[in-house]
$ cat model_16.txt   # compact mmCIF, C-alpha atoms (C1' of nucleotides)
# COMPACT_ATOMS: atom_id res chain seq x y z
CA MET A 1100 23.03 -47.10 83.98
CA SER A 1101 21.43 -50.42 83.25
CA ASN A 1102 18.08 -50.48 81.58
CA SER A 1103 16.51 -53.00 83.90
CA THR A 1104 16.92 -50.78 86.94
CA ARG A 1105 15.19 -47.94 85.21
CA GLU A 1106 12.36 -50.19 84.12
CA ARG A 1107 11.93 -51.66 87.56
CA ILE A 1108 11.50 -48.15 88.92
CA LEU A 1109 8.99 -47.29 86.21
CA LYS A 1110 7.02 -50.44 86.88
CA ALA A 1111 6.99 -49.85 90.63
CA ALA A 1112 5.91 -46.24 90.14
CA PHE A 1113 3.17 -47.33 87.80
CA GLU A 1114 1.82 -49.90 90.23
CA LEU A 1115 1.99 -47.67 93.26
CA ILE A 1116 0.54 -44.58 91.63
CA SER A 1117 -2.31 -46.54 90.15
CA SER A 1118 -3.32 -47.78 93.56
CA LYS A 1119 -2.54 -44.78 95.76
CA GLY A 1120 -2.46 -41.87 93.36
CA TYR A 1121 0.40 -39.56 92.47
CA GLN A 1122 0.31 -37.49 95.63
CA GLY A 1123 -0.22 -40.57 97.72
CA SER A 1124 2.91 -42.29 96.44
CA SER A 1125 6.28 -41.32 97.86
CA THR A 1126 9.61 -41.72 96.11
CA ARG A 1127 10.79 -43.73 99.09
CA GLU A 1128 8.04 -46.26 98.69
CA ILE A 1129 8.47 -46.44 94.94
CA ALA A 1130 12.17 -47.13 95.35
CA GLN A 1131 11.46 -49.72 97.99
CA ARG A 1132 9.01 -51.52 95.75
CA ALA A 1133 11.53 -51.46 92.93
CA GLN A 1134 14.13 -52.89 95.34
CA VAL A 1135 16.37 -49.97 94.67
CA ALA A 1136 17.95 -47.29 96.82
CA GLU A 1137 15.97 -44.07 96.81
CA VAL A 1138 18.98 -42.16 95.55
CA THR A 1139 19.09 -44.42 92.51
CA LEU A 1140 15.63 -43.23 91.58
CA PHE A 1141 16.87 -39.64 91.54
CA ARG A 1142 19.85 -40.62 89.44
CA HIS A 1143 17.57 -42.04 86.78
CA PHE A 1144 14.92 -39.33 86.89
CA THR A 1145 15.31 -35.65 87.61
CA GLY A 1146 12.41 -35.74 90.05
CA LYS A 1147 9.10 -37.24 90.98
CA ALA A 1148 7.16 -35.27 88.37
CA ALA A 1149 9.53 -36.33 85.60
CA LEU A 1150 9.19 -39.92 86.71
CA PHE A 1151 5.42 -39.66 86.54
CA ALA A 1152 5.52 -38.17 83.07
CA GLU A 1153 7.77 -41.02 81.97
CA VAL A 1154 5.38 -43.54 83.48
CA LEU A 1155 2.57 -42.04 81.45
CA ARG A 1156 4.58 -42.37 78.28
CA SER A 1157 6.00 -45.82 78.92
CA PHE A 1158 2.81 -47.58 79.83
CA SER A 1159 0.65 -46.09 77.16
CA ALA A 1160 -1.87 -48.85 76.68
CA ILE A 1161 -1.87 -49.14 72.93
CA PRO A 1162 -5.20 -50.45 71.90
CA THR A 1163 -4.99 -53.87 70.35
CA LEU A 1164 -8.34 -52.86 68.98
CA SER A 1165 -6.95 -51.80 65.65
CA GLU A 1166 -5.70 -55.33 65.05
CA LEU A 1167 -9.19 -56.61 65.67
CA LEU A 1168 -10.94 -54.37 63.16
CA PRO A 1169 -10.17 -56.16 59.86
CA HIS A 1170 -11.61 -59.33 61.32
CA LEU A 1171 -14.78 -57.54 62.42
CA LYS A 1172 -15.58 -56.20 58.99
CA HIS A 1173 -16.51 -59.62 57.69
CA LEU A 1174 -19.06 -60.22 60.43
CA PRO A 1175 -22.72 -59.23 60.49
CA TYR A 1176 -23.15 -55.83 62.10
CA GLU A 1177 -24.68 -56.95 65.38
CA GLU A 1178 -22.17 -59.72 65.81
CA ALA A 1179 -19.32 -57.32 65.07
CA LEU A 1180 -20.68 -54.87 67.62
CA GLU A 1181 -20.96 -57.59 70.19
CA THR A 1182 -17.38 -58.71 69.66
CA LEU A 1183 -16.13 -55.17 69.66
CA THR A 1184 -17.93 -54.42 72.92
CA ILE A 1185 -16.58 -57.44 74.74
CA ARG A 1186 -13.05 -56.90 73.46
CA PHE A 1187 -13.20 -53.25 74.28
CA PHE A 1188 -14.36 -53.88 77.80
CA GLU A 1189 -11.74 -56.56 78.27
CA GLY A 1190 -9.14 -54.12 77.03
CA ILE A 1191 -10.24 -51.54 79.54
CA GLU A 1192 -10.21 -54.13 82.28
CA ALA A 1193 -6.74 -55.32 81.35
CA ASN A 1194 -5.43 -51.76 81.52
CA ARG A 1195 -7.56 -50.68 84.43
CA ASP A 1196 -4.67 -49.31 86.45
CA TRP A 1197 -3.32 -47.30 83.60
CA ILE A 1198 -6.73 -45.93 82.79
CA ARG A 1199 -7.46 -45.05 86.37
CA ILE A 1200 -4.26 -43.03 86.52
CA LEU A 1201 -5.14 -41.21 83.37
CA SER A 1202 -8.78 -40.57 84.05
CA CYS A 1203 -8.32 -39.48 87.64
CA GLU A 1204 -4.82 -38.36 88.36
CA VAL A 1205 -4.44 -36.30 85.23
CA GLY A 1206 -7.16 -33.93 86.39
CA TYR A 1207 -4.81 -32.50 88.99
CA ALA A 1208 -1.69 -32.88 86.89
CA PRO A 1209 0.04 -30.22 84.81
CA GLU A 1210 -0.97 -29.50 81.27
CA GLU A 1211 1.85 -31.55 79.79
CA MET A 1212 0.40 -34.76 81.15
CA LYS A 1213 -3.06 -34.00 79.91
CA GLN A 1214 -1.66 -34.03 76.42
CA VAL A 1215 -0.56 -37.63 76.82
CA TYR A 1216 -4.12 -38.49 77.68
CA GLY A 1217 -5.50 -36.40 74.87
CA GLU A 1218 -3.36 -38.06 72.27
CA PHE A 1219 -4.25 -41.49 73.52
CA LEU A 1220 -7.95 -40.74 73.28
CA LYS A 1221 -7.57 -39.22 69.85
CA ARG A 1222 -6.05 -42.42 68.53
CA LEU A 1223 -8.72 -44.48 70.22
CA PHE A 1224 -11.57 -42.41 68.80
CA GLY A 1225 -9.89 -42.66 65.42
CA VAL A 1226 -9.92 -46.43 65.47
CA LEU A 1227 -13.55 -46.56 66.49
CA THR A 1228 -14.55 -43.97 63.93
CA ASP A 1229 -12.89 -46.09 61.25
CA PHE A 1230 -15.02 -49.02 62.22
CA PHE A 1231 -18.27 -47.10 62.02
CA THR A 1232 -17.26 -45.33 58.82
CA ASP A 1233 -16.69 -48.71 57.22
CA ALA A 1234 -20.02 -49.96 58.53
CA ARG A 1235 -21.76 -46.97 57.03
CA GLU A 1236 -20.11 -47.45 53.68
CA ARG A 1237 -21.31 -51.02 53.68
CA GLY A 1238 -24.84 -49.85 54.38
CA ARG A 1239 -24.96 -51.40 57.81
CA ILE A 1240 -25.79 -48.19 59.63
CA ARG A 1241 -27.97 -45.24 58.75
CA PRO A 1242 -26.27 -42.75 56.48
CA ASP A 1243 -27.53 -39.73 58.41
CA LEU A 1244 -25.43 -40.62 61.42
CA ASP A 1245 -21.98 -39.12 61.90
CA PRO A 1246 -19.53 -41.99 62.45
CA GLU A 1247 -17.49 -39.87 64.83
CA HIS A 1248 -20.53 -39.16 66.97
CA ILE A 1249 -21.39 -42.82 67.04
CA ALA A 1250 -17.85 -43.64 68.02
CA ARG A 1251 -18.00 -41.18 70.87
CA ALA A 1252 -21.34 -42.53 72.01
CA PHE A 1253 -19.99 -46.05 71.94
CA HIS A 1254 -16.89 -45.10 73.83
CA SER A 1255 -18.76 -43.00 76.38
CA MET A 1256 -21.19 -45.77 77.11
CA LEU A 1257 -18.57 -48.43 77.74
CA PHE A 1258 -16.09 -46.19 79.47
CA GLY A 1259 -18.73 -44.61 81.69
CA PHE A 1260 -19.97 -48.02 82.69
CA PHE A 1261 -16.50 -49.29 83.43
CA HIS A 1262 -15.55 -46.23 85.41
CA ILE A 1263 -18.53 -46.43 87.73
CA GLU A 1264 -18.05 -50.12 88.31
CA ASP A 1265 -14.34 -49.64 88.87
CA MET A 1266 -14.73 -46.83 91.38
CA LEU A 1267 -17.30 -48.65 93.42
CA GLY A 1268 -14.95 -51.59 93.17
CA VAL A 1269 -17.23 -54.31 94.39
CA SER A 1270 -15.79 -56.87 92.03
CA GLN A 1271 -13.50 -57.08 89.05
CA GLY A 1272 -13.71 -58.60 85.62
CA LEU A 1273 -16.51 -59.43 83.26
CA THR A 1274 -18.99 -60.91 85.71
CA PRO A 1275 -22.21 -62.49 84.41
CA LEU A 1276 -24.18 -59.49 85.62
CA ARG A 1277 -21.98 -57.11 83.70
CA ARG A 1278 -22.02 -59.35 80.69
CA GLU A 1279 -25.80 -59.19 80.73
CA MET A 1280 -25.69 -55.42 81.05
CA LEU A 1281 -23.29 -55.12 78.12
CA ASP A 1282 -25.54 -57.36 76.04
CA SER A 1283 -28.36 -54.89 76.59
CA PHE A 1284 -26.04 -52.07 75.64
CA VAL A 1285 -25.16 -53.80 72.39
CA LYS A 1286 -28.78 -54.49 71.54
CA LEU A 1287 -29.70 -50.90 72.25
CA PHE A 1288 -26.77 -49.52 70.35
CA CYS A 1289 -27.31 -51.81 67.39
CA ARG A 1290 -30.97 -50.87 67.06
CA GLY A 1291 -30.06 -47.25 67.43
CA THR A 1292 -27.64 -47.22 64.53
CA ARG A 1293 -28.39 -49.94 62.03
CA THR A 1294 -30.43 -49.79 58.87
CA PHE A 1295 -33.60 -51.83 58.53
CA MET B 664 -19.74 -23.84 118.41
CA SER B 665 -21.47 -21.71 115.86
CA ASN B 666 -22.87 -23.35 112.81
CA SER B 667 -21.55 -20.84 110.31
CA THR B 668 -17.93 -21.53 111.18
CA ARG B 669 -18.40 -25.20 110.65
CA GLU B 670 -20.10 -24.58 107.35
CA ARG B 671 -17.42 -22.21 106.17
CA ILE B 672 -14.85 -24.92 106.82
CA LEU B 673 -16.92 -27.49 104.97
CA LYS B 674 -17.33 -25.20 102.00
CA ALA B 675 -13.65 -24.34 101.88
CA ALA B 676 -12.71 -28.01 102.10
CA PHE B 677 -15.14 -28.85 99.34
CA GLU B 678 -13.75 -26.20 97.03
CA LEU B 679 -10.14 -26.98 97.69
CA ILE B 680 -10.46 -30.75 97.51
CA SER B 681 -12.40 -30.54 94.29
CA SER B 682 -9.61 -28.60 92.64
CA LYS B 683 -6.53 -30.17 94.21
CA GLY B 684 -7.73 -33.50 95.47
CA TYR B 685 -7.84 -34.87 98.98
CA GLN B 686 -4.16 -35.58 99.30
CA GLY B 687 -3.27 -32.32 97.65
CA SER B 688 -5.23 -30.21 100.10
CA SER B 689 -3.76 -29.38 103.49
CA THR B 690 -5.69 -28.54 106.60
CA ARG B 691 -3.73 -25.28 106.79
CA GLU B 692 -4.92 -24.19 103.38
CA ILE B 693 -8.49 -25.25 104.05
CA ALA B 694 -8.54 -23.24 107.27
CA GLN B 695 -6.98 -20.28 105.52
CA ARG B 696 -9.61 -20.35 102.81
CA ALA B 697 -12.35 -20.57 105.42
CA GLN B 698 -10.75 -17.58 107.21
CA VAL B 699 -10.43 -19.62 110.34
CA ALA B 700 -7.51 -20.64 112.53
CA GLU B 701 -6.24 -24.10 111.75
CA VAL B 702 -6.87 -25.21 115.31
CA THR B 703 -10.54 -24.32 114.91
CA LEU B 704 -10.77 -26.85 112.14
CA PHE B 705 -9.57 -29.54 114.49
CA ARG B 706 -12.05 -28.45 117.12
CA HIS B 707 -14.91 -28.96 114.70
CA PHE B 708 -13.68 -32.17 113.12
CA THR B 709 -11.68 -34.96 114.65
CA GLY B 710 -9.30 -34.98 111.72
CA LYS B 711 -8.78 -34.47 108.04
CA ALA B 712 -10.40 -37.76 107.09
CA ALA B 713 -13.49 -37.03 109.17
CA LEU B 714 -13.75 -33.63 107.56
CA PHE B 715 -13.61 -35.19 104.12
CA ALA B 716 -16.31 -37.71 104.98
CA GLU B 717 -18.48 -34.87 106.23
CA VAL B 718 -17.87 -32.93 103.03
CA LEU B 719 -19.05 -35.91 101.02
CA ARG B 720 -22.24 -36.08 103.06
CA SER B 721 -22.96 -32.36 103.19
CA PHE B 722 -22.56 -31.59 99.54
CA SER B 723 -24.37 -34.60 98.21
CA ALA B 724 -25.65 -33.27 94.94
CA ILE B 725 -29.26 -34.31 95.19
CA PRO B 726 -30.58 -34.74 91.69
CA THR B 727 -33.27 -32.23 90.88
CA LEU B 728 -34.03 -34.79 88.22
CA SER B 729 -36.84 -36.36 90.18
CA GLU B 730 -38.74 -33.07 90.12
CA LEU B 731 -38.43 -33.02 86.38
CA LEU B 732 -39.88 -36.45 85.77
CA PRO B 733 -43.63 -35.77 86.13
CA HIS B 734 -43.33 -33.04 83.55
CA LEU B 735 -41.51 -35.35 81.14
CA LYS B 736 -44.18 -38.00 81.18
CA HIS B 737 -46.56 -35.84 79.21
CA LEU B 738 -44.09 -35.28 76.39
CA PRO B 739 -43.52 -37.43 73.31
CA TYR B 740 -40.76 -39.95 73.98
CA GLU B 741 -38.05 -38.40 71.85
CA GLU B 742 -38.76 -34.95 73.20
CA ALA B 743 -38.72 -36.23 76.77
CA LEU B 744 -35.41 -37.97 76.13
CA GLU B 745 -33.98 -34.79 74.70
CA THR B 746 -35.04 -32.72 77.66
CA LEU B 747 -33.82 -35.35 80.09
CA THR B 748 -30.45 -35.49 78.37
CA ILE B 749 -29.90 -31.75 78.43
CA ARG B 750 -31.06 -31.39 82.02
CA PHE B 751 -28.97 -34.32 83.09
CA PHE B 752 -25.85 -32.94 81.49
CA GLU B 753 -26.50 -29.51 82.95
CA GLY B 754 -26.91 -31.15 86.33
CA ILE B 755 -23.59 -32.89 85.98
CA GLU B 756 -21.97 -29.66 84.87
CA ALA B 757 -23.42 -27.74 87.79
CA ASN B 758 -22.04 -30.28 90.22
CA ARG B 759 -18.84 -30.94 88.35
CA ASP B 760 -16.59 -30.39 91.36
CA TRP B 761 -18.59 -32.66 93.56
CA ILE B 762 -18.67 -35.34 90.91
CA ARG B 763 -14.97 -35.07 90.23
CA ILE B 764 -14.27 -35.64 93.90
CA LEU B 765 -16.53 -38.65 93.98
CA SER B 766 -15.49 -40.25 90.74
CA CYS B 767 -11.76 -39.76 91.26
CA GLU B 768 -10.85 -39.30 94.87
CA VAL B 769 -13.09 -42.02 96.20
CA GLY B 770 -11.07 -44.66 94.41
CA TYR B 771 -8.23 -44.16 96.87
CA ALA B 772 -10.49 -43.44 99.82
CA PRO B 773 -11.52 -45.83 102.57
CA GLU B 774 -14.53 -48.07 102.19
CA GLU B 775 -16.75 -45.78 104.23
CA MET B 776 -16.58 -43.04 101.62
CA LYS B 777 -17.31 -45.39 98.77
CA GLN B 778 -20.64 -46.08 100.37
CA VAL B 779 -21.62 -42.43 100.11
CA TYR B 780 -20.94 -42.64 96.40
CA GLY B 781 -22.74 -45.93 96.09
CA GLU B 782 -25.86 -44.65 97.74
CA PHE B 783 -25.88 -41.55 95.60
CA LEU B 784 -25.66 -43.61 92.43
CA LYS B 785 -28.31 -46.00 93.63
CA ARG B 786 -30.77 -43.14 94.04
CA LEU B 787 -29.83 -41.73 90.67
CA PHE B 788 -30.25 -45.04 88.88
CA GLY B 789 -33.57 -45.41 90.64
CA VAL B 790 -34.89 -42.14 89.29
CA LEU B 791 -33.80 -42.97 85.77
CA THR B 792 -35.21 -46.47 85.97
CA ASP B 793 -38.54 -44.99 87.02
CA PHE B 794 -38.59 -42.88 83.93
CA PHE B 795 -37.94 -45.79 81.60
CA THR B 796 -40.34 -48.07 83.44
CA ASP B 797 -43.06 -45.50 82.93
CA ALA B 798 -42.13 -45.15 79.27
CA ARG B 799 -42.38 -48.89 78.83
CA GLU B 800 -45.75 -49.06 80.49
CA ARG B 801 -46.98 -46.38 78.12
CA GLY B 802 -45.75 -48.45 75.20
CA ARG B 803 -43.09 -45.96 74.24
CA ILE B 804 -40.21 -48.39 74.43
CA ARG B 805 -39.87 -52.00 73.52
CA PRO B 806 -41.17 -54.36 76.18
CA ASP B 807 -38.25 -56.77 75.86
CA LEU B 808 -35.85 -54.16 77.26
CA ASP B 809 -35.03 -54.06 80.94
CA PRO B 810 -35.64 -50.49 82.19
CA GLU B 811 -32.76 -50.75 84.61
CA HIS B 812 -30.37 -51.71 81.85
CA ILE B 813 -31.59 -48.83 79.75
CA ALA B 814 -31.14 -46.50 82.68
CA ARG B 815 -27.58 -47.67 83.15
CA ALA B 816 -26.85 -47.32 79.46
CA PHE B 817 -28.24 -43.81 79.49
CA HIS B 818 -26.27 -42.84 82.55
CA SER B 819 -23.05 -44.45 81.31
CA MET B 820 -23.24 -42.66 77.99
CA LEU B 821 -23.76 -39.20 79.46
CA PHE B 822 -21.45 -39.64 82.40
CA GLY B 823 -18.69 -41.17 80.31
CA PHE B 824 -18.92 -38.32 77.85
CA PHE B 825 -18.86 -35.71 80.59
CA HIS B 826 -15.95 -37.33 82.37
CA ILE B 827 -13.73 -37.41 79.33
CA GLU B 828 -14.55 -33.84 78.42
CA ASP B 829 -14.02 -32.72 81.99
CA MET B 830 -10.66 -34.41 82.39
CA LEU B 831 -9.27 -33.03 79.19
CA GLY B 832 -10.68 -29.75 80.39
CA VAL B 833 -10.42 -27.75 77.21
CA SER B 834 -13.62 -25.86 77.84
CA GLN B 835 -16.58 -25.93 80.16
CA GLY B 836 -20.29 -25.92 79.75
CA LEU B 837 -22.66 -27.02 77.05
CA THR B 838 -20.80 -25.77 74.01
CA PRO B 839 -22.44 -26.01 70.58
CA LEU B 840 -20.14 -28.87 69.68
CA ARG B 841 -21.15 -30.81 72.72
CA ARG B 842 -24.75 -29.96 72.18
CA GLU B 843 -24.49 -31.44 68.71
CA MET B 844 -22.83 -34.54 70.09
CA LEU B 845 -25.56 -34.98 72.69
CA ASP B 846 -28.22 -34.60 70.00
CA SER B 847 -26.68 -37.53 68.19
CA PHE B 848 -26.64 -39.48 71.41
CA VAL B 849 -30.34 -38.81 71.92
CA LYS B 850 -31.21 -39.81 68.38
CA LEU B 851 -29.23 -43.00 68.70
CA PHE B 852 -30.65 -43.81 72.10
CA CYS B 853 -34.18 -43.09 71.05
CA ARG B 854 -33.99 -45.32 68.00
CA GLY B 855 -32.40 -48.00 70.10
CA THR B 856 -35.18 -48.16 72.61
CA ARG B 857 -38.47 -46.98 71.18
CA THR B 858 -41.27 -48.95 69.59
CA PHE B 859 -42.17 -48.36 65.98
C1' DT C 679 -20.43 -9.25 137.63
C1' DA C 680 -19.60 -13.97 136.81
C1' DT C 681 -19.78 -18.17 134.00
C1' DG C 682 -19.42 -20.68 129.90
C1' DC C 683 -18.75 -21.18 125.14
C1' DT C 684 -16.31 -20.23 120.85
C1' DT C 685 -12.56 -18.55 118.68
C1' DG C 686 -7.69 -16.79 117.99
C1' DT C 687 -2.55 -16.69 118.81
C1' DA C 688 1.56 -18.96 119.42
C1' DA C 689 4.47 -22.48 119.91
C1' DG C 690 5.36 -26.97 119.61
C1' DT C 691 5.04 -32.11 118.56
C1' DT C 692 6.30 -36.05 115.51
C1' DA C 693 6.41 -37.71 111.03
C1' DT C 694 7.13 -37.61 106.29
C1' DC C 695 8.07 -35.41 102.17
C1' DG C 696 11.29 -34.55 97.90
C1' DC C 697 15.84 -34.30 97.25
C1' DT C 698 21.08 -33.87 98.03
C1' DT C 699 25.79 -34.87 99.49
C1' DA C 700 29.73 -37.75 100.56
C1' DC C 701 31.75 -41.97 100.40
C1' DA C 702 32.25 -46.96 99.74
C1' DT C 703 31.50 -51.20 96.85
C1' DG C 704 31.37 -54.18 93.00
C1' DC C 705 31.81 -55.22 88.25
C1' DA C 706 33.35 -54.67 83.57
C1' DT C 707 36.42 -52.79 80.21
C1' DT C 708 40.96 -51.32 79.05
C1' DA D 1112 46.39 -53.39 87.71
C1' DA D 1113 43.86 -49.27 86.69
C1' DT D 1114 39.78 -46.75 85.21
C1' DG D 1115 34.97 -45.82 84.94
C1' DC D 1116 30.34 -46.66 85.66
C1' DA D 1117 26.14 -48.12 88.25
C1' DT D 1118 24.65 -48.85 92.55
C1' DG D 1119 24.40 -48.95 97.66
C1' DT D 1120 24.75 -46.93 102.52
C1' DA D 1121 24.20 -43.27 105.56
C1' DA D 1122 23.22 -39.02 106.99
C1' DG D 1123 20.97 -35.02 106.53
C1' DC D 1124 18.80 -30.85 104.34
C1' DG D 1125 14.69 -27.62 104.52
C1' DA D 1126 9.89 -27.78 103.98
C1' DT D 1127 5.59 -29.21 105.11
C1' DA D 1128 2.24 -32.32 106.87
C1' DA D 1129 -1.44 -33.52 110.59
C1' DC D 1130 -2.32 -32.51 114.96
C1' DT D 1131 -1.74 -30.86 120.10
C1' DT D 1132 -1.20 -27.92 124.08
C1' DA D 1133 -1.58 -23.72 126.79
C1' DC D 1134 -3.40 -19.38 127.29
C1' DA D 1135 -5.80 -15.13 126.26
C1' DA D 1136 -9.81 -12.50 124.15
C1' DG D 1137 -14.46 -11.78 123.02
C1' DC D 1138 -19.24 -12.37 123.73
C1' DA D 1139 -23.39 -14.15 125.38
C1' DT D 1140 -26.45 -15.56 129.12
C1' DA D 1141 -27.46 -15.98 133.89
$ encode --input "model_16.txt" --output "structure tokens"
Amino acid sequence: MSNSTRERILKAAFELISSKGYQGSSTREIAQRAQVAEVTLFRHFTGKAALFAEVLRSFSAIPTLSELLPHLKHLPYEEALETLTIRFFEGIEANRDWIRILSCEVGYAPEEMKQVYGEFLKRLFGVLTDFFTDARERGRIRPDLDPEHIARAFHSMLFGFFHIEDMLGVSQGLTPLRREMLDSFVKLFCRGTRTF
Amino acid sequence: MSNSTRERILKAAFELISSKGYQGSSTREIAQRAQVAEVTLFRHFTGKAALFAEVLRSFSAIPTLSELLPHLKHLPYEEALETLTIRFFEGIEANRDWIRILSCEVGYAPEEMKQVYGEFLKRLFGVLTDFFTDARERGRIRPDLDPEHIARAFHSMLFGFFHIEDMLGVSQGLTPLRREMLDSFVKLFCRGTRTF
DNA sequence: TATGCTTGTAAGTTATCGCTTACATGCATT
DNA sequence: AATGCATGTAAGCGATAACTTACAAGCATA
């Protein structure tokens, strides 16, 4: 079986599920979108559930965040936070479909798929914790704060904001109004963590 | 048509949809759970979609937060923030099913249902903004901060945290570990907003 | 007793679902 | 030329979905 066929199916499934949900997407429609006979889908994957699990694995949005970190360490704390915030939000936006699948569809999905989500988050929290650990070692942030807690707070704030905006779905992207809101978040967060 | 039948159907639909999603819940199963013939469901509601819309309206988790506010105003800022945080999280926890429906299912739902969510959030943000506006007028928080932005930051942080924890679904409730995490959030948030 | 309202039973509609089977086609390797 | 592999076409399986129709039973009020 050629690889491209399989990947076309995966891509179609990803797109459809992210817009209509797992239960809302039929194998017929997925096959149609992939320009493939429905039976071909079942020759590549043992079933709809297996296809979904494979989608979760294949499209795992690996955070490009970790590549950004070394660069951030040479910036002043507030500036680094600002860059991190914008990049983080852009990253979420770029992978909005993937994230919507994970943060919504997984709730009804079997345990196996939750693990994919759990591992993804663990890596993400790890990267963020690294950043704040480094900042603490450099004396940028107060030593009494747990870097992991800060990382979670940072993540929660940005993710929570994105999720609400995404669900209401009035507009997409980093609009000026959102940019302004994120600026306030950064200011607040910076004051809340930095040394004086 | 008696009121109790209708309400039993609404309650059953609410429970089922919150655990299996809109698409995952059938009218048969909803009727069964309500101990009602399926046809009765269709005599009370014009269809599944109409039933769902009615569920959204009926179970609108009205924040008891607004009742809490007057009491908070007499507390020191950090203490008020702490109480607000705990109460807010408990409120989210108590309405977890309702919130899961809104924050997940609505993304795939028609525009009409998004409005229900939008109006709910608008009220919620309003209540929080009131709190921070009052705190600013009392000189508790820095005057250069926009109360609405602070309110959104506060909401995003708590909601984002809850959502992640809820989706991964390892445990429920305000566990000691979460309590500790929220304490850090409060400390961070307080330092980020208060005057010195 | 009669009327009207709500509910239940039963059977059925049409549509779609996930998935399978049987067979033909085309292309590449041997 | 023959073999094997990936794909397509077509038809259909059994299950379930949302929803409808027709009719009977219960219960209240008039």
$ interface_residues --input "model_16.txt" --of "chain A" --to "chain D" --cutoff "12 Å" --atoms "only C-alpha atoms (C1' of nucleotides)" --output "number ranges by chain"
A: 1100-1105, 1134-1140, 1142-1143
$ closest_residue --input "model_16.txt" --among "A:Gln1122, A:Thr1163, A:Gln1214, A:Thr1228" --to "Ile1249 (chain A)" --atoms "only C-alpha atoms"
A:Thr1228
$ interface_residues --input "model_16.txt" --of "chain A" --to "chain B" --cutoff "7 Å" --atoms "all atoms listed in the file" --output "number ranges by chain"
A: 1118-1119, 1122-1123, 1202-1203, 1206-1207, 1213, 1217, 1248, 1252, 1255-1260, 1266-1267, 1280, 1283-1284, 1287-1292
$ residues_around --input "model_16.txt" --residues "Gly1190 (chain A)" --least-positions-apart "4" --cutoff "12 Å" --atoms "all atoms listed in the file" --output "tab-separated table (two decimals) with C-alpha atoms, in the frame of the given file"
chain	number	residue	atom	x	y	z
A	1160	ALA	CA	-1.87	-48.85	76.68
A	1161	ILE	CA	-1.87	-49.14	72.93
A	1162	PRO	CA	-5.20	-50.45	71.90
A	1163	THR	CA	-4.99	-53.87	70.35
A	1164	LEU	CA	-8.34	-52.86	68.98
A	1165	SER	CA	-6.95	-51.80	65.65
A	1167	LEU	CA	-9.19	-56.61	65.67
A	1182	THR	CA	-17.38	-58.71	69.66
A	1183	LEU	CA	-16.13	-55.17	69.66
A	1184	THR	CA	-17.93	-54.42	72.92
A	1185	ILE	CA	-16.58	-57.44	74.74
A	1186	ARG	CA	-13.05	-56.90	73.46
A	1194	ASN	CA	-5.43	-51.76	81.52
A	1195	ARG	CA	-7.56	-50.68	84.43
A	1196	ASP	CA	-4.67	-49.31	86.45
A	1197	TRP	CA	-3.32	-47.30	83.60
A	1198	ILE	CA	-6.73	-45.93	82.79
A	1223	LEU	CA	-8.72	-44.48	70.22
A	1257	LEU	CA	-18.57	-48.43	77.74
A	1258	PHE	CA	-16.09	-46.19	79.47
A	1261	PHE	CA	-16.50	-49.29	83.43
A	1272	GLY	CA	-13.71	-58.60	85.62
A	1273	LEU	CA	-16.51	-59.43	83.26
$ closest_residue --input "model_16.txt" --among "A:Arg1156, A:Gln1131, A:Ile1108, A:Ala1148" --to "chain C" --atoms "only C-alpha atoms (C1' of nucleotides)"
A:Ala1148
$ interface_residues --input "model_16.txt" --of "chain C" --to "chain B" --cutoff "12 Å" --atoms "all atoms listed in the file" --output "PyMOL selection string"
chain C and resi 682-688
$ residues_near_point --input "model_16.txt" --point "(-24.1, -48.9, 59.8)" --cutoff "9 Å" --atoms "only C-alpha atoms (C1' of nucleotides)" --output "VMD selection string"
chain A and resid 1176 1231 to 1242 1244 1246 1289 1292 to 1294
$ atom_distance --input "model_16.txt" --atom1 "CA of Arg696 (chain B)" --atom2 "CA of Thr709 (chain B)"
18.9 Å
$ atom_distance --input "model_16.txt" --atom1 "CA of Gly1225 (chain A)" --atom2 "CA of Ala1152 (chain A)"
23.9 Å
$ decode --input "model_16.txt" --residues "region 1150-1168 of chain A" --atoms "C-alpha atoms" --output "PDB file, in the first residue's frame"
ATOM      1  CA  LEU A1150      -7.862   5.678  12.510  1.00  0.00           C
ATOM      2  CA  PHE A1151      -8.613   8.302  15.132  1.00  0.00           C
ATOM      3  CA  ALA A1152      -5.878   7.035  17.415  1.00  0.00           C
ATOM      4  CA  GLU A1153      -3.457   7.193  14.503  1.00  0.00           C
ATOM      5  CA  VAL A1154      -4.557  10.736  13.728  1.00  0.00           C
ATOM      6  CA  LEU A1155      -3.781  11.717  17.298  1.00  0.00           C
ATOM      7  CA  ARG A1156      -0.320  10.258  17.031  1.00  0.00           C
ATOM      8  CA  SER A1157       0.520  11.532  13.563  1.00  0.00           C
ATOM      9  CA  PHE A1158      -0.448  15.128  14.038  1.00  0.00           C
ATOM     10  CA  SER A1159       1.055  15.592  17.445  1.00  0.00           C
ATOM     11  CA  ALA A1160       1.834  19.277  17.360  1.00  0.00           C
ATOM     12  CA  ILE A1161       5.382  19.254  18.610  1.00  0.00           C
ATOM     13  CA  PRO A1162       6.029  22.551  20.230  1.00  0.00           C
ATOM     14  CA  THR A1163       8.603  24.580  18.391  1.00  0.00           C
ATOM     15  CA  LEU A1164       8.805  26.320  21.714  1.00  0.00           C
ATOM     16  CA  SER A1165      11.840  24.396  22.836  1.00  0.00           C
ATOM     17  CA  GLU A1166      13.807  25.785  19.908  1.00  0.00           C
ATOM     18  CA  LEU A1167      12.879  29.263  21.006  1.00  0.00           C
ATOM     19  CA  LEU A1168      14.093  28.929  24.586  1.00  0.00           C
TER      20      LEU A1168
END
